[in-house]
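A short write-up of the structure that comes next.
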Amino acid sequence: MREFKVTALIKECQPDELPEADRTLIEAAKEATRRSYAPYSKFNVGAAIRMADGSIVTGSNQENAAYPSGMCAERTAAFYASSVYPGMAMKKIAIAAWTKLDRPEGLPYEEYFQSEPISPCGGCRQSLIEYEALYGPIEVILYGREKTYVLPSVKSLLPLCFTEF
Ligand SMILES: [Zn+2]
């Protein structure tokens, strides 16, 4: 028997420590939250993907009364990106989220964003990893008001993922 550790390199930073292109991507993810349709969870998520040609594709969570029929922001963005730019590498994804649940009314919009980095669900990780396996690493930027995480790849968020394709 042998044991081994799986580790992930995570950079913790503030957005203003990142290059301008990354700050722009974070802002695009934050802006995408405004197009979220989240009447059930009231948790508004936005994702922005920078494509290999520099284009930015965004998505937001889209819920449905039949709950499993809804879709996360990350997959909305990735599937849209692959539909509009088939075969093009996705280089980075930024994710941001806010909610007014358990928060006082009347705060500035910015202050409703999650203070901690928001991280994609397992299904989104698996979906993004498939594009990563095809076209190379997708850097991940997880925005939080108090700190932001940057990871070198989606795989670092989902070790031992399913890659039999
Ligand atoms: Zn998800």
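We name chains A, B, ... following the order of the structure tokens; residues begin at 1 in each chain, and ligands are numbered from 1 as shown.
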
- [ ] Would you mind listing the residues within 8 Å of ligand 1, counting only C-alpha atoms and all ligand atoms, as number ranges by chain?
- [x] A: 71-75, 120-125

Limited to C-alpha atoms, could you put the picked residues into a file as an mmCIF file, in the first residue's frame?
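To be explicit, this is the file written out as again.cif:
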```cif
data_model
loop_
_atom_site.group_PDB
_atom_site.id
_atom_site.type_symbol
_atom_site.label_atom_id
_atom_site.label_comp_id
_atom_site.auth_asym_id
_atom_site.auth_seq_id
_atom_site.Cartn_x
_atom_site.Cartn_y
_atom_site.Cartn_z
ATOM 1 C CA MET A 71 -27.603 25.559 -15.454
ATOM 2 C CA CYS A 72 -24.608 27.036 -13.634
ATOM 3 C CA ALA A 73 -22.867 30.171 -14.861
ATOM 4 C CA GLU A 74 -19.617 28.348 -15.602
ATOM 5 C CA ARG A 75 -21.196 25.759 -17.877
ATOM 6 C CA PRO A 120 -17.367 25.987 -9.327
ATOM 7 C CA CYS A 121 -19.408 22.873 -8.557
ATOM 8 C CA GLY A 122 -18.128 19.414 -9.422
ATOM 9 C CA GLY A 123 -20.206 19.185 -12.597
ATOM 10 C CA CYS A 124 -18.757 22.434 -13.931
ATOM 11 C CA ARG A 125 -15.238 21.325 -13.047
#
```

TODO: Determine which residues of chain A DSSP labels as strand (DSSP E) from the backbone of this structure, then write them out as number ranges by chain.
DONE: A: 11-13, 43-51, 56-60, 90-99, 139-142, 148-151

Go through segment 72-120 of chain A residue by residue and, counting only C-alpha atoms, keep those with an atom at most 10 Å from segment 148-161 of chain A; for each kept residue give the shortest atom pair and its distance in Å to one decimal, ordered by chain and increasing number, as JSON lines.
```
{"residue": "A:Lys91", "atom": "CA", "partner": "A:Ser153", "partner_atom": "CA", "distance": 9.4}
{"residue": "A:Lys92", "atom": "CA", "partner": "A:Ser153", "partner_atom": "CA", "distance": 8.6}
{"residue": "A:Ile93", "atom": "CA", "partner": "A:Val154", "partner_atom": "CA", "distance": 9.2}
{"residue": "A:Ala94", "atom": "CA", "partner": "A:Val150", "partner_atom": "CA", "distance": 9.0}
{"residue": "A:Ile95", "atom": "CA", "partner": "A:Thr148", "partner_atom": "CA", "distance": 10.0}
{"residue": "A:Ala96", "atom": "CA", "partner": "A:Thr148", "partner_atom": "CA", "distance": 9.8}
{"residue": "A:Ser115", "atom": "CA", "partner": "A:Thr148", "partner_atom": "CA", "distance": 9.0}
{"residue": "A:Glu116", "atom": "CA", "partner": "A:Thr148", "partner_atom": "CA", "distance": 7.5}
{"residue": "A:Pro117", "atom": "CA", "partner": "A:Thr148", "partner_atom": "CA", "distance": 5.6}
{"residue": "A:Ile118", "atom": "CA", "partner": "A:Thr148", "partner_atom": "CA", "distance": 8.8}
{"residue": "A:Ser119", "atom": "CA", "partner": "A:Leu157", "partner_atom": "CA", "distance": 8.8}
{"residue": "A:Pro120", "atom": "CA", "partner": "A:Leu157", "partner_atom": "CA", "distance": 8.7}
```

Task: Non-local contacts of segment 17-31 of chain A (10 Å; only C-alpha atoms; under 4 positions in same chain excluded) as a count of residues only - done: 34

Open item on the list: Restricting the calculation to only C-alpha atoms: of A:Met51, A:Glu111, A:Lys5, A:Glu105, which residue gets closest to Tyr80 of chain A?
Closed with: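 Result for the nearest residue to Tyr80 of chain A: A:Met51.
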
Open item on the list: I want to know what sits within 12 Å of Tyr67 of chain A, based on only C-alpha atoms, with residues of the same chain fewer than 6 positions away left out; could you give that as a list in words?
Closed with: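 Once the nearby chain positions are removed, what remains is Ala38, Pro39, Tyr40, Ser41 and Asn61 of chain A.
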